[in-house]
$ cat data.cif   # mmCIF, C-alpha atoms
data_run
#
loop_
_atom_site.group_PDB
_atom_site.id
_atom_site.type_symbol
_atom_site.label_atom_id
_atom_site.label_comp_id
_atom_site.auth_asym_id
_atom_site.auth_seq_id
_atom_site.Cartn_x
_atom_site.Cartn_y
_atom_site.Cartn_z
ATOM 1 C CA MET A 1 -110.015 -118.881 14.727
ATOM 2 C CA LYS A 2 -111.736 -120.867 17.459
ATOM 3 C CA HIS A 3 -111.380 -119.445 20.981
ATOM 4 C CA PRO A 4 -112.125 -121.152 24.315
ATOM 5 C CA PRO A 5 -115.492 -120.423 25.967
ATOM 6 C CA LEU A 6 -115.317 -117.727 28.631
ATOM 7 C CA VAL A 7 -115.866 -119.990 31.596
ATOM 8 C CA GLU A 8 -113.320 -120.932 34.257
ATOM 9 C CA THR A 9 -110.681 -122.972 32.378
ATOM 10 C CA HIS A 10 -107.245 -124.454 33.095
ATOM 11 C CA LEU A 11 -106.182 -126.656 30.194
ATOM 12 C CA VAL A 12 -102.548 -127.732 29.756
ATOM 13 C CA GLY A 13 -102.027 -130.074 26.807
ATOM 14 C CA PRO A 14 -99.553 -132.984 26.713
ATOM 15 C CA GLU A 15 -97.064 -131.101 24.516
ATOM 16 C CA THR A 16 -96.879 -128.064 26.815
ATOM 17 C CA VAL A 17 -93.852 -127.820 29.120
ATOM 18 C CA GLU A 18 -94.136 -125.657 32.240
ATOM 19 C CA SER A 19 -91.730 -124.812 35.042
ATOM 20 C CA VAL A 20 -93.610 -123.386 38.033
ATOM 21 C CA LEU A 21 -92.445 -122.133 41.414
ATOM 22 C CA ARG A 22 -95.117 -121.590 44.079
ATOM 23 C CA VAL A 23 -94.988 -119.609 47.287
ATOM 24 C CA ALA A 24 -95.343 -122.809 49.345
ATOM 25 C CA GLU A 25 -91.970 -123.911 47.912
ATOM 26 C CA CYS A 26 -90.400 -120.434 48.107
ATOM 27 C CA PRO A 27 -91.615 -118.452 51.154
ATOM 28 C CA ALA A 28 -89.351 -115.560 50.091
ATOM 29 C CA MET A 29 -92.054 -114.646 47.557
ATOM 30 C CA GLU A 30 -94.651 -114.075 50.266
ATOM 31 C CA PRO A 31 -93.664 -110.470 51.206
ATOM 32 C CA HIS A 32 -94.168 -109.542 47.532
ATOM 33 C CA ARG A 33 -97.614 -111.197 47.546
ATOM 34 C CA ILE A 34 -96.510 -113.511 44.719
ATOM 35 C CA ALA A 35 -98.548 -116.714 44.463
ATOM 36 C CA HIS A 36 -96.396 -118.319 41.765
ATOM 37 C CA VAL A 37 -94.027 -117.634 38.886
ATOM 38 C CA GLY A 38 -93.300 -119.758 35.875
ATOM 39 C CA VAL A 39 -92.059 -120.269 32.339
ATOM 40 C CA ALA A 40 -94.065 -122.079 29.670
ATOM 41 C CA ASP A 41 -93.432 -123.497 26.224
ATOM 42 C CA ALA A 42 -97.086 -123.967 25.278
ATOM 43 C CA SER A 43 -98.754 -125.815 22.432
ATOM 44 C CA ASP A 44 -102.408 -126.237 21.519
ATOM 45 C CA PRO A 45 -104.478 -127.345 23.354
ATOM 46 C CA TYR A 46 -103.463 -124.854 26.010
ATOM 47 C CA ALA A 47 -106.020 -122.433 27.458
ATOM 48 C CA MET A 48 -106.514 -120.382 30.600
ATOM 49 C CA VAL A 49 -109.644 -118.430 31.556
ATOM 50 C CA ARG A 50 -110.033 -116.696 34.905
ATOM 51 C CA THR A 51 -113.402 -115.003 35.286
ATOM 52 C CA ASP A 52 -112.504 -113.125 38.462
ATOM 53 C CA LEU A 53 -108.750 -113.139 38.983
ATOM 54 C CA PRO A 54 -108.173 -112.499 42.751
ATOM 55 C CA GLY A 55 -104.752 -110.923 42.136
ATOM 56 C CA GLY A 56 -102.853 -109.373 39.260
ATOM 57 C CA TYR A 57 -101.229 -111.462 36.523
ATOM 58 C CA PHE A 58 -98.206 -110.444 34.458
ATOM 59 C CA LEU A 59 -97.295 -112.380 31.292
ATOM 60 C CA ALA A 60 -94.318 -111.660 29.018
ATOM 61 C CA CYS A 61 -93.943 -113.444 25.672
ATOM 62 C CA PHE A 62 -90.396 -114.206 24.491
ATOM 63 C CA GLY A 63 -91.170 -116.545 21.588
ATOM 64 C CA GLY A 64 -93.894 -117.705 19.234
ATOM 65 C CA GLU A 65 -97.421 -116.370 19.371
ATOM 66 C CA GLY A 66 -100.588 -116.800 21.424
ATOM 67 C CA ARG A 67 -103.938 -115.065 21.835
ATOM 68 C CA ILE A 68 -105.020 -112.887 24.763
ATOM 69 C CA LEU A 69 -108.479 -111.427 25.384
ATOM 70 C CA LEU A 70 -108.054 -107.660 25.723
ATOM 71 C CA ASP A 71 -110.547 -104.829 25.574
ATOM 72 C CA GLY A 72 -113.322 -107.230 24.631
ATOM 73 C CA ARG A 73 -111.534 -108.850 21.675
ATOM 74 C CA TRP A 74 -108.900 -111.515 21.064
ATOM 75 C CA GLN A 75 -105.489 -110.132 20.158
ATOM 76 C CA ARG A 76 -102.122 -111.581 19.236
ATOM 77 C CA CYS A 77 -99.398 -111.737 21.884
ATOM 78 C CA ARG A 78 -95.966 -112.074 20.276
ATOM 79 C CA ALA A 79 -92.333 -112.079 21.305
ATOM 80 C CA GLY A 80 -91.354 -108.756 22.833
ATOM 81 C CA GLN A 81 -94.813 -108.047 24.262
ATOM 82 C CA ALA A 82 -96.223 -108.294 27.771
ATOM 83 C CA CYS A 83 -99.663 -108.132 29.349
ATOM 84 C CA LEU A 84 -100.660 -106.992 32.822
ATOM 85 C CA ALA A 85 -104.088 -108.119 34.022
ATOM 86 C CA PRO A 86 -105.208 -106.393 37.223
ATOM 87 C CA ALA A 87 -107.248 -108.197 39.864
ATOM 88 C CA HIS A 88 -110.962 -108.884 39.416
ATOM 89 C CA VAL A 89 -111.147 -108.777 35.630
ATOM 90 C CA LEU A 90 -111.903 -111.398 33.030
ATOM 91 C CA HIS A 91 -108.524 -112.755 31.933
ATOM 92 C CA ALA A 92 -108.158 -115.303 29.138
ATOM 93 C CA PHE A 93 -105.403 -116.581 26.841
ATOM 94 C CA HIS A 94 -104.663 -119.643 24.725
ATOM 95 C CA ALA A 95 -102.132 -121.180 22.353
ATOM 96 C CA VAL A 96 -102.653 -121.058 18.592
ATOM 97 C CA PRO A 97 -103.007 -124.335 16.631
ATOM 98 C CA GLY A 98 -99.804 -125.094 14.768
ATOM 99 C CA ARG A 99 -97.726 -122.552 16.740
ATOM 100 C CA ARG A 100 -95.717 -122.817 19.925
ATOM 101 C CA TRP A 101 -95.916 -120.009 22.459
ATOM 102 C CA GLN A 102 -93.176 -119.242 24.976
ATOM 103 C CA PHE A 103 -93.798 -116.917 27.899
ATOM 104 C CA ALA A 104 -92.926 -116.237 31.535
ATOM 105 C CA TRP A 105 -95.355 -115.042 34.175
ATOM 106 C CA VAL A 106 -95.939 -113.811 37.712
ATOM 107 C CA ARG A 107 -99.265 -114.435 39.459
ATOM 108 C CA TYR A 108 -99.967 -112.172 42.434
ATOM 109 C CA ASP A 109 -102.190 -112.674 45.447
ATOM 110 C CA GLU A 110 -104.956 -110.212 46.230
ATOM 111 C CA GLY A 111 -103.727 -106.896 47.592
ATOM 112 C CA ALA A 112 -100.385 -106.792 45.785
ATOM 113 C CA GLY A 113 -99.501 -103.289 44.600
ATOM 114 C CA LEU A 114 -98.861 -103.006 40.869
ATOM 115 C CA GLY A 115 -98.864 -99.255 40.418
ATOM 116 C CA PRO A 116 -101.377 -97.161 38.469
ATOM 117 C CA LEU A 117 -101.869 -99.710 35.687
ATOM 118 C CA GLY A 118 -102.457 -102.376 38.306
ATOM 119 C CA ALA A 119 -105.533 -100.440 39.415
ATOM 120 C CA ALA A 120 -106.969 -100.370 35.911
ATOM 121 C CA SER A 121 -110.121 -102.222 34.910
ATOM 122 C CA ALA A 122 -108.721 -103.998 31.847
ATOM 123 C CA PRO A 123 -105.501 -105.754 30.892
ATOM 124 C CA VAL A 124 -102.815 -103.800 29.053
ATOM 125 C CA LEU A 125 -100.659 -105.143 26.208
ATOM 126 C CA ALA A 126 -97.470 -103.351 25.182
ATOM 127 C CA GLY A 127 -93.871 -103.835 24.076
ATOM 128 C CA PHE A 128 -91.486 -105.213 26.690
ATOM 129 C CA HIS A 129 -87.977 -106.675 27.116
ATOM 130 C CA SER A 130 -89.430 -110.145 27.675
ATOM 131 C CA ALA A 131 -86.172 -112.100 27.290
ATOM 132 C CA ALA A 132 -84.611 -110.361 30.301
ATOM 133 C CA PHE A 133 -87.721 -110.984 32.388
ATOM 134 C CA ARG A 134 -87.597 -114.662 31.411
ATOM 135 C CA CYS A 135 -84.002 -114.866 32.654
ATOM 136 C CA ALA A 136 -85.015 -113.354 35.994
ATOM 137 C CA VAL A 137 -87.847 -115.857 36.469
ATOM 138 C CA GLU A 138 -85.657 -118.791 35.430
ATOM 139 C CA GLY A 139 -82.901 -117.577 37.750
ATOM 140 C CA LEU A 140 -85.334 -117.454 40.674
ATOM 141 C CA ILE A 141 -86.605 -120.968 39.928
ATOM 142 C CA ALA A 142 -83.076 -122.347 39.534
ATOM 143 C CA GLU A 143 -81.881 -120.761 42.792
ATOM 144 C CA GLN A 144 -84.799 -122.193 44.764
ATOM 145 C CA SER A 145 -84.179 -125.666 43.334
ATOM 146 C CA GLY A 146 -80.452 -125.361 44.086
ATOM 147 C CA SER A 147 -78.805 -123.811 47.134
ATOM 148 C CA ALA A 148 -81.795 -121.536 47.875
ATOM 149 C CA SER A 149 -79.567 -118.860 49.375
ATOM 150 C CA PRO A 150 -81.782 -116.198 51.034
ATOM 151 C CA ALA A 151 -79.545 -113.416 49.699
ATOM 152 C CA ALA A 152 -79.625 -114.777 46.135
ATOM 153 C CA LEU A 153 -83.394 -115.337 46.271
ATOM 154 C CA HIS A 154 -83.800 -111.747 47.405
ATOM 155 C CA HIS A 155 -81.842 -110.433 44.433
ATOM 156 C CA TRP A 156 -83.705 -112.609 41.909
ATOM 157 C CA LEU A 157 -87.028 -111.481 43.361
ATOM 158 C CA GLU A 158 -85.968 -107.846 43.176
ATOM 159 C CA LEU A 159 -85.190 -108.344 39.484
ATOM 160 C CA VAL A 160 -88.565 -109.977 38.823
ATOM 161 C CA GLN A 161 -90.396 -107.231 40.721
ATOM 162 C CA GLY A 162 -88.348 -104.535 39.027
ATOM 163 C CA TYR A 163 -89.328 -105.720 35.547
ATOM 164 C CA VAL A 164 -93.022 -105.870 36.448
ATOM 165 C CA ALA A 165 -92.831 -102.400 38.011
ATOM 166 C CA ARG A 166 -91.128 -101.061 34.887
ATOM 167 C CA PHE A 167 -94.040 -102.285 32.799
ATOM 168 C CA ALA A 168 -96.690 -101.089 35.267
ATOM 169 C CA GLN A 169 -95.157 -97.622 35.580
ATOM 170 C CA PRO A 170 -93.477 -97.016 32.221
ATOM 171 C CA TRP A 171 -90.843 -94.304 32.403
ATOM 172 C CA HIS A 172 -91.411 -93.372 28.777
ATOM 173 C CA VAL A 173 -94.976 -92.048 29.138
ATOM 174 C CA GLU A 174 -94.758 -88.429 28.053
ATOM 175 C CA ASP A 175 -95.989 -85.614 30.283
ATOM 176 C CA ARG A 176 -98.423 -84.426 27.635
ATOM 177 C CA LEU A 177 -100.066 -87.860 27.507
ATOM 178 C CA THR A 178 -100.184 -88.073 31.293
ATOM 179 C CA ARG A 179 -101.976 -84.726 31.409
ATOM 180 C CA LEU A 180 -104.284 -85.756 28.572
ATOM 181 C CA TRP A 181 -105.450 -88.967 30.247
ATOM 182 C CA GLU A 182 -105.808 -87.219 33.588
ATOM 183 C CA ALA A 183 -108.182 -84.782 31.855
ATOM 184 C CA VAL A 184 -110.183 -87.611 30.288
ATOM 185 C CA ALA A 185 -110.361 -89.500 33.593
ATOM 186 C CA ALA A 186 -111.620 -86.323 35.310
ATOM 187 C CA GLU A 187 -114.403 -85.876 32.724
ATOM 188 C CA PRO A 188 -115.338 -89.325 31.380
ATOM 189 C CA GLY A 189 -118.796 -88.063 30.382
ATOM 190 C CA HIS A 190 -117.373 -85.487 27.985
ATOM 191 C CA PRO A 191 -117.976 -86.329 24.273
ATOM 192 C CA TRP A 192 -114.300 -86.970 23.521
ATOM 193 C CA THR A 193 -113.160 -87.286 19.905
ATOM 194 C CA LEU A 194 -109.803 -88.148 18.400
ATOM 195 C CA THR A 195 -109.556 -84.601 17.056
ATOM 196 C CA GLU A 196 -109.949 -83.047 20.507
ATOM 197 C CA LEU A 197 -107.586 -85.565 22.124
ATOM 198 C CA ALA A 198 -104.902 -84.805 19.530
ATOM 199 C CA ARG A 199 -105.392 -81.052 19.943
ATOM 200 C CA ARG A 200 -104.959 -81.311 23.711
ATOM 201 C CA ALA A 201 -101.853 -83.463 23.262
ATOM 202 C CA HIS A 202 -100.452 -80.941 20.735
ATOM 203 C CA CYS A 203 -99.906 -83.523 18.009
ATOM 204 C CA SER A 204 -101.657 -85.013 14.995
ATOM 205 C CA GLY A 205 -104.251 -87.731 15.364
ATOM 206 C CA GLU A 206 -101.975 -90.230 13.639
ATOM 207 C CA HIS A 207 -99.044 -89.419 15.927
ATOM 208 C CA LEU A 208 -101.272 -89.782 18.986
ATOM 209 C CA ARG A 209 -102.429 -93.139 17.640
ATOM 210 C CA ARG A 210 -98.824 -94.345 17.313
ATOM 211 C CA LEU A 211 -97.903 -93.149 20.805
ATOM 212 C CA CYS A 212 -100.895 -94.876 22.375
ATOM 213 C CA ARG A 213 -100.318 -98.125 20.520
ATOM 214 C CA ARG A 214 -96.684 -98.191 21.649
ATOM 215 C CA GLN A 215 -97.251 -97.150 25.258
ATOM 216 C CA LEU A 216 -100.706 -98.494 26.090
ATOM 217 C CA GLY A 217 -101.383 -101.244 23.590
ATOM 218 C CA ARG A 218 -104.631 -99.622 22.460
ATOM 219 C CA SER A 219 -105.876 -96.722 20.327
ATOM 220 C CA PRO A 220 -106.716 -93.306 21.851
ATOM 221 C CA MET A 221 -110.475 -93.897 21.643
ATOM 222 C CA GLN A 222 -110.098 -97.401 23.057
ATOM 223 C CA HIS A 223 -108.267 -95.863 25.998
ATOM 224 C CA VAL A 224 -111.124 -93.382 26.452
ATOM 225 C CA THR A 225 -113.455 -96.381 26.647
ATOM 226 C CA HIS A 226 -111.088 -98.030 29.116
ATOM 227 C CA LEU A 227 -111.185 -94.969 31.398
ATOM 228 C CA ARG A 228 -114.965 -94.745 31.115
ATOM 229 C CA ILE A 229 -115.404 -98.400 32.050
ATOM 230 C CA ARG A 230 -112.949 -97.979 34.904
ATOM 231 C CA HIS A 231 -114.925 -95.018 36.263
ATOM 232 C CA GLY A 232 -118.196 -96.860 35.722
ATOM 233 C CA ALA A 233 -116.860 -99.785 37.758
ATOM 234 C CA ASP A 234 -116.009 -97.396 40.610
ATOM 235 C CA LEU A 235 -119.510 -95.879 40.513
ATOM 236 C CA LEU A 236 -121.129 -99.319 40.548
ATOM 237 C CA THR A 237 -119.095 -100.218 43.616
ATOM 238 C CA GLU A 238 -119.242 -96.943 45.549
ATOM 239 C CA THR A 239 -122.725 -95.538 44.780
ATOM 240 C CA ASP A 240 -126.341 -96.630 44.501
ATOM 241 C CA HIS A 241 -126.878 -94.739 41.242
ATOM 242 C CA LYS A 242 -129.138 -96.383 38.718
ATOM 243 C CA LEU A 243 -127.559 -97.768 35.578
ATOM 244 C CA GLU A 244 -128.990 -94.937 33.477
ATOM 245 C CA VAL A 245 -127.306 -92.344 35.702
ATOM 246 C CA ILE A 246 -123.941 -94.129 35.663
ATOM 247 C CA ALA A 247 -124.076 -94.575 31.907
ATOM 248 C CA ASP A 248 -124.664 -90.836 31.437
ATOM 249 C CA LEU A 249 -121.889 -89.909 33.872
ATOM 250 C CA VAL A 250 -119.351 -91.897 31.884
ATOM 251 C CA GLY A 251 -120.420 -90.721 28.442
ATOM 252 C CA TYR A 252 -123.094 -93.167 27.288
ATOM 253 C CA ALA A 253 -126.502 -91.740 26.367
ATOM 254 C CA ASN A 254 -127.853 -95.273 26.006
ATOM 255 C CA PRO A 255 -127.566 -97.474 29.147
ATOM 256 C CA PHE A 256 -127.844 -100.630 27.017
ATOM 257 C CA VAL A 257 -124.750 -99.624 25.046
ATOM 258 C CA PHE A 258 -122.908 -98.986 28.309
ATOM 259 C CA SER A 259 -124.034 -102.340 29.714
ATOM 260 C CA ASN A 260 -122.914 -104.251 26.621
ATOM 261 C CA THR A 261 -119.572 -102.422 26.517
ATOM 262 C CA PHE A 262 -118.985 -103.021 30.235
ATOM 263 C CA LYS A 263 -119.722 -106.739 29.795
ATOM 264 C CA ARG A 264 -117.424 -107.003 26.790
ATOM 265 C CA TRP A 265 -114.492 -105.292 28.567
ATOM 266 C CA THR A 266 -114.816 -106.796 32.053
ATOM 267 C CA GLY A 267 -116.685 -110.071 31.539
ATOM 268 C CA TRP A 268 -119.462 -108.955 33.910
ATOM 269 C CA ARG A 269 -122.817 -107.298 33.432
ATOM 270 C CA PRO A 270 -122.984 -104.084 35.517
ATOM 271 C CA SER A 271 -125.606 -105.537 37.873
ATOM 272 C CA ASP A 272 -123.545 -108.691 38.449
ATOM 273 C CA TYR A 273 -120.380 -106.654 38.951
ATOM 274 C CA ARG A 274 -122.087 -104.481 41.580
ATOM 275 C CA ALA A 275 -123.466 -107.535 43.368
ATOM 276 C CA LYS A 276 -120.111 -109.306 43.559
ATOM 277 C CA GLN A 277 -118.300 -106.194 44.787
ATOM 278 C CA ARG A 278 -120.819 -105.840 47.619
ATOM 279 C CA ARG A 279 -120.596 -109.448 48.747
ATOM 280 C CA PRO A 280 -117.774 -109.316 51.350
ATOM 281 C CA GLY A 281 -116.364 -112.615 52.495
ATOM 282 C CA LYS A 282 -118.293 -114.642 49.925
ATOM 283 C CA LYS A 283 -116.599 -116.448 47.071
ATOM 284 C CA ASN A 284 -117.592 -114.889 43.762
ATOM 285 C CA ALA A 285 -119.243 -116.950 41.098
ATOM 286 C CA GLY A 286 -118.159 -116.611 37.487
ATOM 287 C CA PRO A 287 -119.965 -114.164 35.216
ATOM 288 C CA ASP A 288 -122.829 -115.131 32.972
ATOM 289 C CA THR A 289 -121.124 -115.711 29.640
ATOM 290 C CA LYS A 290 -124.205 -116.442 27.544
ATOM 291 C CA GLY A 291 -125.053 -112.948 26.418
#
$ encode --input "data.cif" --output "structure tokens"
Amino acid sequence: MKHPPLVETHLVGPETVESVLRVAECPAMEPHRIAHVGVADASDPYAMVRTDLPGGYFLACFGGEGRILLDGRWQRCRAGQACLAPAHVLHAFHAVPGRRWQFAWVRYDEGAGLGPLGAASAPVLAGFHSAAFRCAVEGLIAEQSGSASPAALHHWLELVQGYVARFAQPWHVEDRLTRLWEAVAAEPGHPWTLTELARRAHCSGEHLRRLCRRQLGRSPMQHVTHLRIRHGADLLTETDHKLEVIADLVGYANPFVFSNTFKRWTGWRPSDYRAKQRRPGKKNAGPDTKG
């Protein structure tokens, strides 16, 4: 399957229908740091690539199928799934030729709080009650285009925010998994294996795999990589350590492997990521997508 190049892209084809509500039209969204919400019935060609998303982006699919770039690879996004992309990550998605794709979204401004997953360094894909979220977004849009009652707008916004918060802070994450990932995050340089992760979670490797797929949208070892990249991003921003030192601290004996993995997951080479994070007040350029 052909995917769009990973450069800044906003392509809406003639057969795509979108309903969008922006903060300029609905100032009630401003306290929530929401830039816009919308509902789309998309058809190829439809593609969106954001190389350095200033704020978080939440997308919930309620029909059809599209493709989203997650964890360095393109994955299917189907009805009953949602994706949360935190700020300052490579975020890309597109419609599939011959298939329609229906989804609703919320785009946040920089600084909006999205809970612990909102602070992550990669998007997350997992199961979600997308149809209900769609109704909340459509209700908000309809109210603003109708009587625009402040009280009604408040309630619709609370519903929209409540669904996003439910996804960002899932109630169903088990205590044993919370403790497991806290341990991995505390020691990202440890040589973690699926066997050790399963032992610490007091379950079989296959059961741990199922739990992670359902709750995090990735395998246990992919989530280890996610936590390592997240910690590596913090070290690039907060320290002057050389790449070799950072790679070792997050579990990579070979700095080139770490660099390639970091680029694949975030869209940025470590050196470029460090430079952009230390450039206050200057608009960031897109990442080099040629290698």
$ resolve_selection --input "data.cif" --expression "the PyMOL selection byres ((chain A and resi 39) around 10)" --output "PDB file with C-alpha atoms, in the coordinates of the input"
ATOM      1  CA  VAL A  17     -93.852-127.820  29.120  1.00  0.00           C
ATOM      2  CA  GLU A  18     -94.136-125.657  32.240  1.00  0.00           C
ATOM      3  CA  SER A  19     -91.730-124.812  35.042  1.00  0.00           C
ATOM      4  CA  VAL A  20     -93.610-123.386  38.033  1.00  0.00           C
ATOM      5  CA  LEU A  21     -92.445-122.133  41.414  1.00  0.00           C
ATOM      6  CA  VAL A  37     -94.027-117.634  38.886  1.00  0.00           C
ATOM      7  CA  GLY A  38     -93.300-119.758  35.875  1.00  0.00           C
ATOM      8  CA  ALA A  40     -94.065-122.079  29.670  1.00  0.00           C
ATOM      9  CA  ASP A  41     -93.432-123.497  26.224  1.00  0.00           C
ATOM     10  CA  ALA A  42     -97.086-123.967  25.278  1.00  0.00           C
ATOM     11  CA  LEU A  59     -97.295-112.380  31.292  1.00  0.00           C
ATOM     12  CA  ALA A  60     -94.318-111.660  29.018  1.00  0.00           C
ATOM     13  CA  CYS A  61     -93.943-113.444  25.672  1.00  0.00           C
ATOM     14  CA  GLN A 102     -93.176-119.242  24.976  1.00  0.00           C
ATOM     15  CA  PHE A 103     -93.798-116.917  27.899  1.00  0.00           C
ATOM     16  CA  ALA A 104     -92.926-116.237  31.535  1.00  0.00           C
ATOM     17  CA  TRP A 105     -95.355-115.042  34.175  1.00  0.00           C
ATOM     18  CA  VAL A 106     -95.939-113.811  37.712  1.00  0.00           C
ATOM     19  CA  ARG A 134     -87.597-114.662  31.411  1.00  0.00           C
ATOM     20  CA  CYS A 135     -84.002-114.866  32.654  1.00  0.00           C
ATOM     21  CA  VAL A 137     -87.847-115.857  36.469  1.00  0.00           C
ATOM     22  CA  GLU A 138     -85.657-118.791  35.430  1.00  0.00           C
ATOM     23  CA  ILE A 141     -86.605-120.968  39.928  1.00  0.00           C
TER      24      ILE A 141
END
$ residues_around --input "data.cif" --residues "A:Phe128" --least-positions-apart "3" --cutoff "7 Å" --atoms "all atoms listed in the file" --output "MDAnalysis selection string"
chainID A and resid 80:82
$ resolve_selection --input "data.cif" --expression "the PyMOL selection byres ((chain A and resi 26) around 10)" --output "PyMOL selection string"
chain A and resi 21-25+27-30+34-36+140-141+144-145+148+153
$ resolve_selection --input "data.cif" --expression "the PyMOL selection byres ((chain A and resi 50-52) around 9)" --output "NGL selection string"
:A and (6-10 or 48-49 or 53-55 or 87-92 or 266-268 or 284-287)
$ write_last_selection --input "data.cif" --atoms "C-alpha atoms" --output "PDB file, keeping the file's coordinate frame"
ATOM      1  CA  LEU A   6    -115.317-117.727  28.631  1.00  0.00           C
ATOM      2  CA  VAL A   7    -115.866-119.990  31.596  1.00  0.00           C
ATOM      3  CA  GLU A   8    -113.320-120.932  34.257  1.00  0.00           C
ATOM      4  CA  THR A   9    -110.681-122.972  32.378  1.00  0.00           C
ATOM      5  CA  HIS A  10    -107.245-124.454  33.095  1.00  0.00           C
ATOM      6  CA  MET A  48    -106.514-120.382  30.600  1.00  0.00           C
ATOM      7  CA  VAL A  49    -109.644-118.430  31.556  1.00  0.00           C
ATOM      8  CA  LEU A  53    -108.750-113.139  38.983  1.00  0.00           C
ATOM      9  CA  PRO A  54    -108.173-112.499  42.751  1.00  0.00           C
ATOM     10  CA  GLY A  55    -104.752-110.923  42.136  1.00  0.00           C
ATOM     11  CA  ALA A  87    -107.248-108.197  39.864  1.00  0.00           C
ATOM     12  CA  HIS A  88    -110.962-108.884  39.416  1.00  0.00           C
ATOM     13  CA  VAL A  89    -111.147-108.777  35.630  1.00  0.00           C
ATOM     14  CA  LEU A  90    -111.903-111.398  33.030  1.00  0.00           C
ATOM     15  CA  HIS A  91    -108.524-112.755  31.933  1.00  0.00           C
ATOM     16  CA  ALA A  92    -108.158-115.303  29.138  1.00  0.00           C
ATOM     17  CA  THR A 266    -114.816-106.796  32.053  1.00  0.00           C
ATOM     18  CA  GLY A 267    -116.685-110.071  31.539  1.00  0.00           C
ATOM     19  CA  TRP A 268    -119.462-108.955  33.910  1.00  0.00           C
ATOM     20  CA  ASN A 284    -117.592-114.889  43.762  1.00  0.00           C
ATOM     21  CA  ALA A 285    -119.243-116.950  41.098  1.00  0.00           C
ATOM     22  CA  GLY A 286    -118.159-116.611  37.487  1.00  0.00           C
ATOM     23  CA  PRO A 287    -119.965-114.164  35.216  1.00  0.00           C
TER      24      PRO A 287
END
$ axis_aligned_box --input "data.cif" --around "stretch 9-24 of chain A" --padding-each-side "6 Å" --output "lines of an AutoDock Vina configuration file"
center_x = -101.2
center_y = -126.3
center_z = 36.9
size_x = 31.0
size_y = 25.4
size_z = 36.8
$ atom_distance --input "data.cif" --atom1 "atom CA of A:Ala152" --atom2 "atom CA of A:Ala132"
17.2 Å
